[in-house]
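Novice: For reference, the structure I am asking about is given below.
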Amino acid sequence: MPGERNYLGVPAPRPKAAFFELSSCEGCQLQLFNNEATLTEFLSLIEIVRFREVMTGGSDEYAIAFVEGSVTRPDEIERLRAIRGNAELLVALGSCACFGGVNQLKNRFSDPRFAARTVYGDFPVATMEARPLADFVAVDLWIYGCPVKKEEVERIVTDLVVGKKVVHPKYPVCMECKANENICLYDLGEPCLGPITRAGCDAWCPNNRFGCWGCRGPAEGANIAQLEEIMKTRGFSAEAILDRLECFGGFRDVADELRKKTDERGRSPGA
Amino acid sequence: MKISCDINLRHLTRVEGHGNIRIRIESGAVREASWEVVETPRFFEAMLVGKKWENAPWICARICGICSIGHTLASIRAVENGFGFEPDTQTNRLRLLLKHMETLQSHILHLYFLVAPDFFGTGSILPLVETHPEEVQRAARLKLLANDACDLIGGRRLHPTRTVVGGFTMLPARDELRHLHHRLRAAITDLHRAGELFAGFSIPDFRRETEFVSLHGEKEYPFIGGDLKSSDGVRRKEWEYKEMSNEYCTPQSTAKWARLSRASFAVGALARLNNNFSLLHERARKLAELLQLEPVCHNPFMNNAAQLVECMHVVEDALLLIDRLLAEKPGEPRRKVRPAAGRGVGAVEVPRGILYHMYEFDEDGRIVRADCVIPTAQNHANIQHDIEALAREAAAAGMGDRDIEHFASMLVRSYDPCISCSVH
Amino acid sequence: MLFKVLPKYRLQALFDALSSRRIIGPVEKARRPDGEVLYGFDAICRFEDLRLDYTTTTHSPKKFFLPHREVLATFSLSGTTWEKMVDDNAYLPVAFFGMHACDINALNKLDKVMIDSSYPNPYYAAKRRSTFIIGIDCVPQPQCFCRSMGADTVLHGFDMFLTDIGGDYFVEVQSAEAYELLKGAGTRDPSSHDHALFMKKGDMKKAGFSCQVDATDLTKILDMEFQAEVWLDWGKKCLSCGTCANVCPTCYCYGVQEYVDLDLRGALKEMHLYSCNLIDFAEVAGGHNFRPESHTRLKYRFYHKHRGFVEAFEASLCVGCGRCGTACLAGITVPEVIASVRREAQGDA
Amino acid sequence: MHRPFTPPLMHSGREQRPGEDPAGFEYSYMAEITNIYPLTATEKLYQIQLCDSSLRRSFTFRPGQFVMLELPGIGEAPFSISSSPLRHGDIELCIRAVGNLTGFLDRVKRGTQVGISGPFGTSFPVEEMEGGDMYFVAGGLGIVPLRSPLCSILESRSRYGEVNLIYGANTPRKLLFTYQYDAWRRFDIDLQITVDEPDAGWDGHVGFITAILEKKLAGGRSLAHNAYAVVCGPPVMFRYVCDILTEAGLPMQRMFVSLERRMHCGRGKCCRCNIGSTYTCLKGPVFDYWSVMNLKEAI
Ligand SMILES: Cc1cc2nc3c(=O)[nH]c(=O)nc-3n(C[C@H](O)[C@H](O)[C@H](O)COP(=O)(O)OP(=O)(O)OC[C@H]3O[C@@H](n4cnc5c(N)ncnc54)[C@H](O)[C@@H]3O)c2cc1C
Ligand code: SF4
Ligand code: SF4
Ligand code: SF4
C-alpha cells in the first residue's frame, strides 16, 4: 500500500498489529485466515508484526494486540501483562478472552484440584481458575464469539483504522434470527438463548436450526429471568438451562446462582 | 567439523499451539534433544463430567480450532455408540463428506500456509502473496472451496452447528450440493498443480523406522469408525482404543504421550497411507507416484506428500458421495436417540491422525467419565525420537546451528502438530 | 369491481401465465413436534409447492416490500470528495400468489406512510408497484382478530382476489392486468348462485372468529392509562427481543448503518428494520435513553399502532393478524394487552 | 448496477409517478465544508456551502429547521441550521463531538465534501412574532437552534419589540459564540449570560437561567400580550422555564421549544424520533408548548 492512507482526508495509517493466544483452541485466530476472499484486503489494513501460528519471527512493536484465550496458568498472567505493556490497544478476541469461554467450565467444581486429578491423576500440573483477560489487565475492545465472526472482525478493524467508534449491537440474537426469517427453535421444540444473547453473529446457530448457547454473552438489559421462566414452562429442565447459561462464561453470575439452586448432579465431585 | 551447538527454540512458529525444541550438542555428542510441550491444559475430560450427552460434541469441538469438525464427529460417534444408535446412510454420507472437506481445508492450510514458506525460504506466506501470487491464489481457492463446503454441510467451518447426535439439524440444499460438485471437479486441476509444486521441493533425506497406527479400511480408505490397525501387526476393535494408545504422563510435556509395540508410534496422513495405500482412489495413487511416495515410507518429512495425496483422494471421494446423495430422495435430517447407560468410543481419522473420544454414561445419559486421545499426543513421543535421531545425524554431519534448527523445526512442522489440541 | 369465476383446475394455468414474474407464495417451512405445519412465503418454482390452504405464515410478506436489510446507497470515494449511488433494488417483477386479506390491508397501511406521504420511500414504492398480488380467502385462526381491526376484508391494494366457493374460485378483479390475465385462463361470469356461494363463504368466515379486541375509544383509553400499572407487568415479561416487530406486517421502524469498505475506497449505507422494543431504540449519542425501561418501550409500540397512527390516518396500524402474539415467547398478545388496559380504565366503576 | 445519483430520482428507468417526491428520498446535496471554527473543546462551527451554485440559490430554509448531514461510511445525523435563513445555500452548523459521525467530523479538514439533505421539520414563526417582545432562553447547546431565529430577527430588528436573550452554560469555557456577544448587544438585545460554575476570570452571573428569568419578570410584569418565547435546552431546563413563563401569563401557544430525539431519516419513516406517537421530524422539532403538553413522553 502506497504512502499515507486516509479516509475522507482524515489520516488512516496502517497500524502494527500482533496476535497472541493464551489457553484456547486458536480457532478465533484461524477465523481471520478463514475468509480467503477478503484476506489480502484485510492484510492491507493492518501490518501484522507477530502471529506465531502462521509466521516465523516478529517484533514487539505493535499498536494493537489481539489476544485470544483465557488465563488459566500463572505464567499467562505475566505474558498478558507484558503484552498490555506494549500495546496501545488491547483487544480481547473471542469468548475465551472476553468471558473465560468453555475453559471456565472447569471452575464450576467446588474442588479446585478435581479437574487436574481427573485428567492427570497424581501427576503434577500447574493450573488455576480460567479467567477472562479483564480480570488482570485493562481491555480496550471486546470481540465476542466462539468463534468470532470474520465479517465482524473486519468491520471492527476497518472502523478502528478509520477512527470510527466501534459499536456492538445491544439487542439480542433473536432480532437477527427473525430478520433472517428463521423458524424459531422453540417452535421446533429446541431450547435457545437467542432472546438474551448479544447479537452480532447474525444468528449463526439458529440459521442452522441449532439453538443459541450464548457464546457472545448477554444482550444489554437481557431479561434472563423471563427466559428461564419460558424455558421451564416449555419443559426444559433446570439442568438444560444451566448447561447453556454456563457454557461460555458470559452469563457467569446468573449461572452461579442457578447452579446453587439446581441439584448438584455430580458437579462437584470430591467436595 | 562443528562439534558443539545449543538450540533452545521457544514457541515454535507456524504450528498450532506452544511447543519448544531443545538440542544441545557438545564435542560432537548429543547431550540433549527434546521436544517439549508447554501448552496450558484446559481439562476437557473434566469439564464433561456431570454434563448431559448433548453437551459433548458442542463442547468438544472447542478442543481444537483447526479440526473442530473431526472432534465433533468423534464425539457424536462416541455418544451414538454409547447409546447403541446406528446413523442412517444419508447421515453417514454427509458426515464423511464433511470430514473430507475438513481434511482438505486443514491439509491445504498446513501445506501452503505453514510448510511451503520453509521451501521458499520465507518466514510466512505473506511475502509469497507478492512473489508467487498464483500459488497463493490456488491455495486460497482450494481452502475457500473446502471451507464453503464445511459451511454448507456442517453449518459453519469452525465449531460446526448442524452436526448433532442423531444426524443433522438441517440438510444442505440440493442445488448447492450440485454447485459444490462442480467446484470439486475444478479442484482436481488445482491439486495436480499443487502436486507439481511440491514434487519440485527437495525433501530432507531422513529416515527412522517406526510403527504406524490408523484405522483399518476394509473396502474404502478409512476415516470414520472401524477397526484399528498398526503397521507392526496389531489389530484392535474401536472400543479397545486404550490398548492401541496406552497414554502416559511425562515431565517434558503437558500433553500425554503414547506407545504401542515400540517406544513410540506415528499417526497421521503418512500412517493412514502406509496402512491403507491400496484403497486410495486412482488419481490419488498417481499423485503419490509423482511425489515418490510409496508404502511403507519411514521418512516423517513425507507426511506432507501424504497429505497432498489425501487431498486428491478426498476430492475424488467427495464427488462420489455427492453423486450418491443426489441420486436419492432426501430423508429426515435427524433421528431421535434414547440415552442409555454404557460406554461409547468414537474413532475418527482427523487430519493429524486417529482421534478417539470415549464417554461413560449413567442411565440419564449424563457423562460419568470422558477420555479424549488426540493424534498429536500420540505423535509426541515419535517426534521426540525423530528429534533425537535428527540431532545425532546432524552432529555426525557437523551441521551448523541454524541448519539444525531449521531442519528440526521443519521436522516437527511436517507432523502438522496440533499442540493445544493435544493438551486440551 | 368486476367478478369472474375460475374453475379450480384452471388455477395452474393462471400460475403458468404469471411465469414472466418471480412468483412468491405460501409454502410449508417446517413442522412443530406436535405436527402443526409452519408456513412461510417463499419463491415458488413448482405449482405443487404452493399451499393455498395455509393457515397463517410465521413471518409476514413484509420483506418483499420492506426487506429486513436493504442497501440504501453506495459511495465511491476519492480524497475528500465522493459520489453517491442509489438504486431502489427492485429488479424482477414479482407476483404474490395467495395473500390473505389482513396482509393486503397491511400493505395498504404501509402505503400511507411509504407512498402517500411527504417523503415517499422509493425503495418501497418501486417494489410495491412492480408486484402483482393475488389475494386468497382464509379461515380464521384462534389468534386472528382482524375483524376487530376492520381488516378481515379488503377493498383495494390487490390485482385479484380469489375466494374458494367449492369447485371454483370466485374472483374479484381489481386491475386491468388481472383482467387481461384471466382472459386466457378460462373464466366465466358468475351466476347468481355463485354470488350466493360467495356471500355464504363470507358469513361462514364472519362466524369463525373466536378472538376479539374491543377497540372502542382506544386512543382515549391509551392516553388515560398512560401511567397505568399494567404496563409495568407487561414490561417485566417483555424480552425486548424485537420478534413482534419483525413478524409484524406493518411495523416499519428502522435504523441506518454505514460501513466503510475494506479497501477504504468505498462505503455502503444500509437500513435495517428495527423494533421499538429494543433497548437502544430511543437512545441518543452520549448515552441518554428516552425509553430505558422495557415497559416504556412496549407501551410505545401500542401507542404508535393504536393511537398515533389512528390520529394520523383514521385507522389503526394493526391488522389483527395475531402474528406477534403467536411469535412472542413471553406470550404478550395484542388482545390481552389491550383488554388489560381497558380493564384498568374501567377500574372498579 | 448502481448509478451515480442525479436529481430527480428515476427508479430503474421507470417514469416518475404522481405523489413521488421529485427531490428523491436519498437525495443529498453535495456540499463542501468551507470553514471550521473551533468554539470550545467539544464544539465546532462548520460553514457549509452547496457545491452547485444554482442549487445554492434554490435551497431555502426557515429558522428552526434542521438538515441531515452525511459522511459516507461514517453516518448521517440531524443538525439544526444555526445561521441566518437569508444565506440560502451557505449554512452554519454548530456540532458537538459526542458520537460516531460527530466525532469524525471533529477530525475532518476544510474542503471535505458532505451530503446535506433537507431542510426538514417545523420552524419558529418569526413572521407571526413581528411586533412582539421576544424572550429567547437557551441552555447549553440550546443556543444552536436558537441562533437562526435570532439572526433572522436581528436582520429586521425594527419589526420586533424588546429582544431578550438569556443564555446559560455549565462553565465559561463552554459558552458558545462568545465572539458575537458584543455584536448582538449592539442590536439592542438584552443579553444575559450565566454559568453554573464560574472560573477565575469570570465576572458575570452565576446560577441557573431560571433565576435571571425570574428576576427579569419580577415586578408583576405580564407577558399576556404580544410576547413570544423561544426556549431551547435540556428537557429539565425548559420545563422550569416554561412554567415561569406561563406563570407570567405567556399563553402556551406563544412559547416555542425545539425538541431532539434520535433520528435516522428525518423524513417520517424510521420512527426513531417519535415522542408518544408524534414524529419529531415532521411535527417538530419546533413545537409550541401546548403541543408539548400533549406529547405524553416529552418531559
Ligand atoms: C432536530 C435535531 C437537531 C439537532 N441539532 C444539533 C446541532 O445543531 N448540533 C449538535 O451538535 N447536535 C445536534 N443534534 C444532535 C445530533 O443529531 C447528535 O449529536 C448526533 O446525531 C450524534 O450522532 P453520532 O453519529 O455522532 O452519534 P452516535 O451515538 O454514533 O449515533 C448514531 C446515530 O444515532 C442517531 N442519534 C444519536 N444521537 C442522536 C441525537 N441526539 N439526536 C438525533 N439522532 C441521534 C443518529 O442517527 C446518529 O447518526 C440535533 C438532533 C436533532 C434531532
Ligand atoms: S430461534 Fe432463538 S433466536 Fe431465533 S427467534 Fe427463536 S428464540 Fe429467538
Ligand atoms: S447464535 Fe449464539 S451461540 Fe451461536 S454464534 Fe451466535 S451468539 Fe454464539
Ligand atoms: S412483546 Fe414479545 S416479541 Fe415483542 S419484544 Fe417483547 S418479548 Fe419480544
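Going by the C-alpha cells order, chains are called A, B, ..., each with residues numbered from 1, while ligands are numbered from 1 in the order shown.
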Near segment 122-124 of chain C, within 7 Å and counting only C-alpha atoms, which residues show up once chain neighbours fewer than 5 positions away are dropped, as a list in words?
Specialist: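 Here the qualifying residues turn out to be Phe65, Leu66, Asp88, Asn89 and Met114 of chain C; Phe25 of chain D.
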Novice: Based on the selection just made, write C-alpha atoms of those residues as a compact mmCIF listing (two decimals), in the first residue's frame.
Specialist:
# COMPACT_ATOMS: atom_id res chain seq x y z
CA PHE C 65 -41.57 -4.79 0.06
CA LEU C 66 -39.55 -3.64 3.04
CA ASP C 88 -34.24 1.06 -5.43
CA ASN C 89 -33.30 -2.64 -5.61
CA MET C 114 -44.39 4.97 2.47
CA PHE D 25 -35.67 10.16 -0.77
Novice: Quick one: residues within 7 Å of ligand 2, with only C-alpha atoms and all ligand atoms, as an MDAnalysis selection string?
Specialist: (chainID A and resid 173:175 177:178 182:186 192:195 203 206 211:212) or (chainID C and resid 243)
Novice: Can you tell me which residues sit at most 8 Å away from ligand 3, counting only C-alpha atoms and all ligand atoms, written as JSON, numbers by chain?
Specialist: {"A": [145, 146, 147, 148, 173, 193, 194, 197, 198, 199, 200, 201, 202, 203, 204, 205, 206, 207, 210, 211, 212, 213, 214, 215, 216, 217], "B": [161]}
Novice: Next, write the just-selected residues to a file, as a tab-separated table (two decimals), in the first residue's frame, keeping N, CA, C and O atoms as the atom set.
Specialist:
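To be explicit, this is the file written out as part_4.tsv:
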chain	number	residue	atom	x	y	z
A	145	GLY	N	-17.68	-13.92	20.61
A	145	GLY	CA	-18.00	-15.05	19.74
A	145	GLY	C	-17.10	-16.23	19.96
A	145	GLY	O	-15.92	-16.12	20.28
A	146	CYS	N	-17.70	-17.41	19.81
A	146	CYS	CA	-16.94	-18.65	19.85
A	146	CYS	C	-17.40	-19.50	18.69
A	146	CYS	O	-18.33	-20.25	18.83
A	147	PRO	N	-16.79	-19.33	17.56
A	147	PRO	CA	-15.67	-18.45	17.23
A	147	PRO	C	-16.14	-17.04	16.88
A	147	PRO	O	-17.33	-16.81	16.69
A	148	VAL	N	-15.17	-16.12	16.76
A	148	VAL	CA	-15.52	-14.79	16.29
A	148	VAL	C	-15.94	-14.88	14.83
A	148	VAL	O	-15.58	-15.82	14.13
A	173	VAL	N	-29.80	-11.77	19.87
A	173	VAL	CA	-29.71	-12.59	18.66
A	173	VAL	C	-31.07	-12.81	18.00
A	173	VAL	O	-31.20	-12.85	16.78
A	193	LEU	N	-30.86	-19.64	23.47
A	193	LEU	CA	-30.59	-18.44	24.27
A	193	LEU	C	-30.67	-17.17	23.44
A	193	LEU	O	-30.28	-16.10	23.91
A	194	GLY	N	-31.16	-17.31	22.21
A	194	GLY	CA	-31.26	-16.13	21.33
A	194	GLY	C	-31.91	-14.91	21.96
A	194	GLY	O	-31.47	-13.79	21.72
A	197	THR	N	-29.06	-13.28	24.34
A	197	THR	CA	-27.65	-13.19	23.97
A	197	THR	C	-27.41	-12.01	23.03
A	197	THR	O	-28.22	-11.75	22.14
A	198	ARG	N	-26.30	-11.36	23.22
A	198	ARG	CA	-25.97	-10.20	22.38
A	198	ARG	C	-25.86	-10.58	20.90
A	198	ARG	O	-25.18	-11.54	20.55
A	199	ALA	N	-26.49	-9.81	20.08
A	199	ALA	CA	-26.46	-10.07	18.64
A	199	ALA	C	-25.12	-9.67	18.04
A	199	ALA	O	-24.24	-9.19	18.74
A	200	GLY	N	-25.00	-9.89	16.75
A	200	GLY	CA	-23.77	-9.53	16.06
A	200	GLY	C	-23.25	-10.70	15.24
A	200	GLY	O	-22.45	-10.54	14.34
A	201	CYS	N	-23.74	-11.90	15.58
A	201	CYS	CA	-23.30	-13.08	14.84
A	201	CYS	C	-24.26	-13.37	13.68
A	201	CYS	O	-24.09	-14.35	12.97
A	202	ASP	N	-25.29	-12.53	13.53
A	202	ASP	CA	-26.31	-12.75	12.53
A	202	ASP	C	-27.04	-14.08	12.77
A	202	ASP	O	-27.39	-14.78	11.83
A	203	ALA	N	-27.22	-14.41	14.03
A	203	ALA	CA	-27.95	-15.63	14.40
A	203	ALA	C	-27.33	-16.86	13.75
A	203	ALA	O	-28.02	-17.69	13.15
A	204	TRP	N	-26.04	-16.95	13.90
A	204	TRP	CA	-25.27	-18.01	13.24
A	204	TRP	C	-25.86	-19.40	13.49
A	204	TRP	O	-26.03	-20.18	12.56
A	205	CYS	N	-26.11	-19.70	14.75
A	205	CYS	CA	-26.61	-21.04	15.08
A	205	CYS	C	-28.07	-21.24	14.70
A	205	CYS	O	-28.39	-22.20	14.00
A	206	PRO	N	-28.97	-20.36	15.14
A	206	PRO	CA	-30.37	-20.55	14.73
A	206	PRO	C	-30.55	-20.60	13.21
A	206	PRO	O	-31.45	-21.29	12.73
A	207	ASN	N	-29.72	-19.90	12.46
A	207	ASN	CA	-29.80	-20.00	11.00
A	207	ASN	C	-29.66	-21.45	10.56
A	207	ASN	O	-30.14	-21.86	9.51
A	210	PHE	N	-30.08	-24.61	14.98
A	210	PHE	CA	-29.38	-25.06	16.16
A	210	PHE	C	-29.53	-23.93	17.18
A	210	PHE	O	-29.19	-22.79	16.89
A	211	GLY	N	-30.05	-24.24	18.34
A	211	GLY	CA	-30.31	-23.19	19.32
A	211	GLY	C	-29.04	-22.51	19.79
A	211	GLY	O	-27.98	-23.11	19.86
A	212	CYS	N	-29.18	-21.23	20.13
A	212	CYS	CA	-28.04	-20.43	20.59
A	212	CYS	C	-27.60	-20.89	21.98
A	212	CYS	O	-28.41	-21.20	22.83
A	213	TRP	N	-26.29	-20.87	22.20
A	213	TRP	CA	-25.72	-21.23	23.50
A	213	TRP	C	-25.13	-20.01	24.21
A	213	TRP	O	-24.42	-20.14	25.20
A	214	GLY	N	-25.36	-18.86	23.66
A	214	GLY	CA	-24.94	-17.66	24.37
A	214	GLY	C	-23.47	-17.35	24.32
A	214	GLY	O	-22.93	-16.76	25.25
A	215	CYS	N	-22.80	-17.70	23.23
A	215	CYS	CA	-21.35	-17.51	23.22
A	215	CYS	C	-20.95	-16.04	23.24
A	215	CYS	O	-19.83	-15.71	23.58
A	216	ARG	N	-21.86	-15.15	22.89
A	216	ARG	CA	-21.48	-13.74	22.86
A	216	ARG	C	-21.85	-12.99	24.14
A	216	ARG	O	-21.74	-11.78	24.21
A	217	GLY	N	-22.32	-13.74	25.12
A	217	GLY	CA	-22.65	-13.11	26.39
A	217	GLY	C	-23.98	-12.39	26.32
A	217	GLY	O	-24.64	-12.37	25.28
B	161	THR	N	-22.36	-26.25	13.46
B	161	THR	CA	-23.65	-26.07	14.14
B	161	THR	C	-24.71	-27.08	13.72
B	161	THR	O	-25.68	-27.28	14.43
Novice: Could you check the closest approach to chain A for each of C:Val37, C:Ala13, C:Leu317, C:Val310 and tell me which residue wins, using only C-alpha atoms?
Specialist: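 Nearest to chain A: C:Val37.
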Novice: How many Å lie between atom CA of Met99 of chain C and atom CA of Arg22 of chain C, rounded to one decimal?
Specialist: 15.0 Å
Novice: Between atom CA of Gly65 of chain B and atom CA of Leu158 of chain B, measure the distance and give it in Å to one decimal.
Specialist: 6.6 Å
Novice: Taking only C-alpha atoms and all ligand atoms into account, report as an MDAnalysis selection string which residues have an atom no farther than 10 Å from an atom of ligand 4.
Specialist: (chainID A and resid 172 174:175 195 223 226:227) or (chainID C and resid 234:248 275:279 294:295 297:299 301 323:334 337)
Novice: Name the residues in contact with segment 265-273 of chain D at a cut-off of 7 Å, using only C-alpha atoms, excluding same-chain residues fewer than 3 positions from it; report them as a short mmCIF file (atom, residue, chain, number, x, y, z; two decimals) with C-alpha atoms, in the first residue's frame.
Specialist:
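Dumped to around36.cif:
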data_model
loop_
_atom_site.label_atom_id
_atom_site.label_comp_id
_atom_site.auth_asym_id
_atom_site.auth_seq_id
_atom_site.Cartn_x
_atom_site.Cartn_y
_atom_site.Cartn_z
CA TYR C 119 -41.31 11.96 1.60
CA CYS C 253 -39.22 1.33 12.11
CA TYR C 254 -35.64 1.17 11.03
CA GLY C 255 -32.09 2.14 11.76
CA PHE C 281 -34.37 2.35 20.18
CA ALA C 282 -34.55 5.84 21.59
CA MET D 68 -29.36 15.72 7.77
CA PHE D 120 -36.66 19.26 7.39
CA ARG D 261 -34.81 12.75 19.62
CA ARG D 262 -32.85 10.02 17.92
CA TYR D 279 -42.86 12.37 14.69
CA THR D 280 -40.37 14.94 15.90
CA CYS D 281 -39.00 15.25 12.39
CA LEU D 282 -42.34 16.09 10.78
#
Novice: What lies within 6 Å of Ser148 of chain D using only C-alpha atoms, ignoring chain neighbours under 2 positions off, as a ChimeraX atom specification?
Specialist: /D:63,82-84,146,150-151
Novice: Please produce a file of the residues just selected, as a PDB file, in the first residue's frame, where the atoms kept are C-alpha atoms.
Specialist:
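Now in out-v2.pdb:
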ATOM      1  CA  PRO D  63     -35.257  29.261  11.248  1.00  0.00           C
ATOM      2  CA  SER D  82     -27.654  27.758  13.139  1.00  0.00           C
ATOM      3  CA  SER D  83     -27.281  30.573  10.647  1.00  0.00           C
ATOM      4  CA  SER D  84     -29.455  33.209   9.087  1.00  0.00           C
ATOM      5  CA  LEU D 146     -31.914  29.427  18.633  1.00  0.00           C
ATOM      6  CA  LEU D 150     -32.194  35.228  16.473  1.00  0.00           C
ATOM      7  CA  CYS D 151     -30.215  36.119  13.341  1.00  0.00           C
TER       8      CYS D 151
END
Novice: Looking only at the backbone, which of the residues in segment 168-347 of chain C does DSSP tag as alpha helix (DSSP H), as a PDB file with C-alpha atoms, in the first residue's frame?
Specialist:
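The new file result_18.pdb reads:
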ATOM      1  CA  ALA C 176     -56.660  -4.304 -15.886  1.00  0.00           C
ATOM      2  CA  GLU C 177     -53.647  -6.562 -15.836  1.00  0.00           C
ATOM      3  CA  ALA C 178     -55.574  -9.122 -13.839  1.00  0.00           C
ATOM      4  CA  TYR C 179     -58.457  -8.847 -16.258  1.00  0.00           C
ATOM      5  CA  GLU C 180     -56.192  -9.463 -19.226  1.00  0.00           C
ATOM      6  CA  LEU C 181     -54.561 -12.367 -17.493  1.00  0.00           C
ATOM      7  CA  LEU C 182     -57.861 -14.027 -16.710  1.00  0.00           C
ATOM      8  CA  LYS C 183     -58.953 -13.818 -20.321  1.00  0.00           C
ATOM      9  CA  SER C 192     -76.479 -15.617  -9.032  1.00  0.00           C
ATOM     10  CA  HIS C 193     -75.749 -18.997  -7.487  1.00  0.00           C
ATOM     11  CA  ASP C 194     -72.060 -18.088  -7.437  1.00  0.00           C
ATOM     12  CA  HIS C 195     -72.939 -14.797  -5.756  1.00  0.00           C
ATOM     13  CA  ALA C 196     -74.870 -16.684  -3.130  1.00  0.00           C
ATOM     14  CA  LEU C 197     -71.990 -19.076  -2.542  1.00  0.00           C
ATOM     15  CA  PHE C 198     -69.629 -16.136  -2.214  1.00  0.00           C
ATOM     16  CA  MET C 199     -71.901 -14.443   0.334  1.00  0.00           C
ATOM     17  CA  LYS C 200     -72.238 -17.663   2.272  1.00  0.00           C
ATOM     18  CA  LYS C 201     -68.485 -18.041   2.398  1.00  0.00           C
ATOM     19  CA  GLY C 202     -68.249 -14.552   3.859  1.00  0.00           C
ATOM     20  CA  ASP C 203     -70.832 -15.332   6.526  1.00  0.00           C
ATOM     21  CA  MET C 204     -69.020 -18.519   7.465  1.00  0.00           C
ATOM     22  CA  LYS C 205     -65.826 -16.608   7.874  1.00  0.00           C
ATOM     23  CA  LYS C 206     -67.502 -13.974   9.988  1.00  0.00           C
ATOM     24  CA  ALA C 207     -68.856 -16.639  12.271  1.00  0.00           C
ATOM     25  CA  LEU C 218     -58.954   3.011  22.355  1.00  0.00           C
ATOM     26  CA  THR C 219     -56.997   6.180  21.578  1.00  0.00           C
ATOM     27  CA  LYS C 220     -58.518   7.880  24.590  1.00  0.00           C
ATOM     28  CA  ILE C 221     -58.077   4.891  26.832  1.00  0.00           C
ATOM     29  CA  LEU C 222     -54.409   4.703  25.925  1.00  0.00           C
ATOM     30  CA  ASP C 223     -53.973   8.355  26.834  1.00  0.00           C
ATOM     31  CA  MET C 224     -55.857   7.967  30.069  1.00  0.00           C
ATOM     32  CA  GLU C 229     -49.632  -0.240  36.404  1.00  0.00           C
ATOM     33  CA  VAL C 230     -50.411  -2.947  33.850  1.00  0.00           C
ATOM     34  CA  TRP C 231     -47.722  -1.624  31.594  1.00  0.00           C
ATOM     35  CA  LEU C 232     -45.172  -2.465  34.257  1.00  0.00           C
ATOM     36  CA  ASP C 233     -46.427  -6.041  34.391  1.00  0.00           C
ATOM     37  CA  TRP C 234     -46.164  -6.448  30.648  1.00  0.00           C
ATOM     38  CA  GLY C 235     -42.778  -4.758  30.711  1.00  0.00           C
ATOM     39  CA  LYS C 236     -41.498  -7.273  33.189  1.00  0.00           C
ATOM     40  CA  LYS C 237     -42.388 -10.088  30.819  1.00  0.00           C
ATOM     41  CA  THR C 243     -39.601 -10.513  17.493  1.00  0.00           C
ATOM     42  CA  CYS C 244     -43.042  -8.908  17.488  1.00  0.00           C
ATOM     43  CA  ALA C 245     -41.961  -6.109  15.192  1.00  0.00           C
ATOM     44  CA  ASN C 246     -40.094  -8.423  12.901  1.00  0.00           C
ATOM     45  CA  VAL C 247     -43.018 -10.728  12.236  1.00  0.00           C
ATOM     46  CA  SER C 294     -38.821  -2.156  28.797  1.00  0.00           C
ATOM     47  CA  HIS C 295     -42.377  -1.242  29.733  1.00  0.00           C
ATOM     48  CA  THR C 296     -41.995   2.231  28.275  1.00  0.00           C
ATOM     49  CA  ARG C 297     -40.890   0.712  25.012  1.00  0.00           C
ATOM     50  CA  LEU C 298     -43.644  -1.868  24.946  1.00  0.00           C
ATOM     51  CA  LYS C 299     -46.172   0.829  25.706  1.00  0.00           C
ATOM     52  CA  TYR C 300     -44.792   2.936  22.920  1.00  0.00           C
ATOM     53  CA  ARG C 301     -45.384   0.109  20.456  1.00  0.00           C
ATOM     54  CA  PHE C 302     -49.052   0.050  21.357  1.00  0.00           C
ATOM     55  CA  TYR C 303     -49.157   3.798  21.295  1.00  0.00           C
ATOM     56  CA  PHE C 309     -51.467   6.044  13.548  1.00  0.00           C
ATOM     57  CA  VAL C 310     -55.189   6.402  14.173  1.00  0.00           C
ATOM     58  CA  GLU C 311     -54.653  10.092  14.786  1.00  0.00           C
ATOM     59  CA  ALA C 312     -52.794  10.482  11.518  1.00  0.00           C
ATOM     60  CA  PHE C 313     -54.717   8.112   9.255  1.00  0.00           C
ATOM     61  CA  ARG C 323     -48.533 -12.994  14.422  1.00  0.00           C
ATOM     62  CA  CYS C 324     -46.773 -11.022  17.134  1.00  0.00           C
ATOM     63  CA  GLY C 325     -48.706 -12.717  19.889  1.00  0.00           C
ATOM     64  CA  THR C 326     -48.007 -16.141  18.444  1.00  0.00           C
ATOM     65  CA  ALA C 327     -44.325 -15.432  17.984  1.00  0.00           C
ATOM     66  CA  VAL C 334     -52.369  -7.652  21.499  1.00  0.00           C
ATOM     67  CA  PRO C 335     -55.858  -8.702  22.612  1.00  0.00           C
ATOM     68  CA  GLU C 336     -54.675  -9.352  26.143  1.00  0.00           C
ATOM     69  CA  VAL C 337     -52.668  -6.177  26.457  1.00  0.00           C
ATOM     70  CA  ILE C 338     -55.492  -4.046  25.161  1.00  0.00           C
ATOM     71  CA  ALA C 339     -58.034  -5.806  27.336  1.00  0.00           C
ATOM     72  CA  SER C 340     -55.853  -5.264  30.391  1.00  0.00           C
ATOM     73  CA  VAL C 341     -55.508  -1.558  29.688  1.00  0.00           C
ATOM     74  CA  ARG C 342     -59.224  -1.266  29.088  1.00  0.00           C
ATOM     75  CA  ARG C 343     -59.903  -3.035  32.386  1.00  0.00           C
ATOM     76  CA  GLU C 344     -57.604  -0.582  34.083  1.00  0.00           C
ATOM     77  CA  ALA C 345     -59.563   2.320  32.586  1.00  0.00           C
ATOM     78  CA  GLN C 346     -62.879   0.855  33.620  1.00  0.00           C
TER      79      GLN C 346
END
Novice: Residues of segment 95-170 of chain B that have any atom at most 10 Å from an atom of segment 200-206 of chain B: could you tabulate them with the shortest-distance atom pair and the distance in Å to one decimal, using only C-alpha atoms, ordered by chain and increasing number, as JSON lines?
Specialist:
{"residue": "B:Ala116", "atom": "CA", "partner": "B:Phe201", "partner_atom": "CA", "distance": 9.1}
{"residue": "B:Asp118", "atom": "CA", "partner": "B:Phe201", "partner_atom": "CA", "distance": 9.9}
{"residue": "B:Phe119", "atom": "CA", "partner": "B:Phe201", "partner_atom": "CA", "distance": 6.5}
{"residue": "B:Phe120", "atom": "CA", "partner": "B:Phe201", "partner_atom": "CA", "distance": 8.9}
Novice: Generate a file of the selected residues that holds C-alpha atoms, formatted as a PDB file, in the first residue's frame.
Specialist:
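The resulting file, again_7.pdb, is reproduced below:
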ATOM      1  CA  ALA B 116       5.545 -24.015   1.919  1.00  0.00           C
ATOM      2  CA  ASP B 118      10.100 -23.330   4.536  1.00  0.00           C
ATOM      3  CA  PHE B 119      10.745 -24.369   0.961  1.00  0.00           C
ATOM      4  CA  PHE B 120      10.502 -20.856  -0.396  1.00  0.00           C
TER       5      PHE B 120
END
Novice: Show me, as number ranges by chain, the residues that have an atom within 10 Å of Leu86 of chain D when counting only C-alpha atoms, minus same-chain residues fewer than 4 positions from it.
Specialist: D: 60-63, 90-91, 148, 151-152, 155
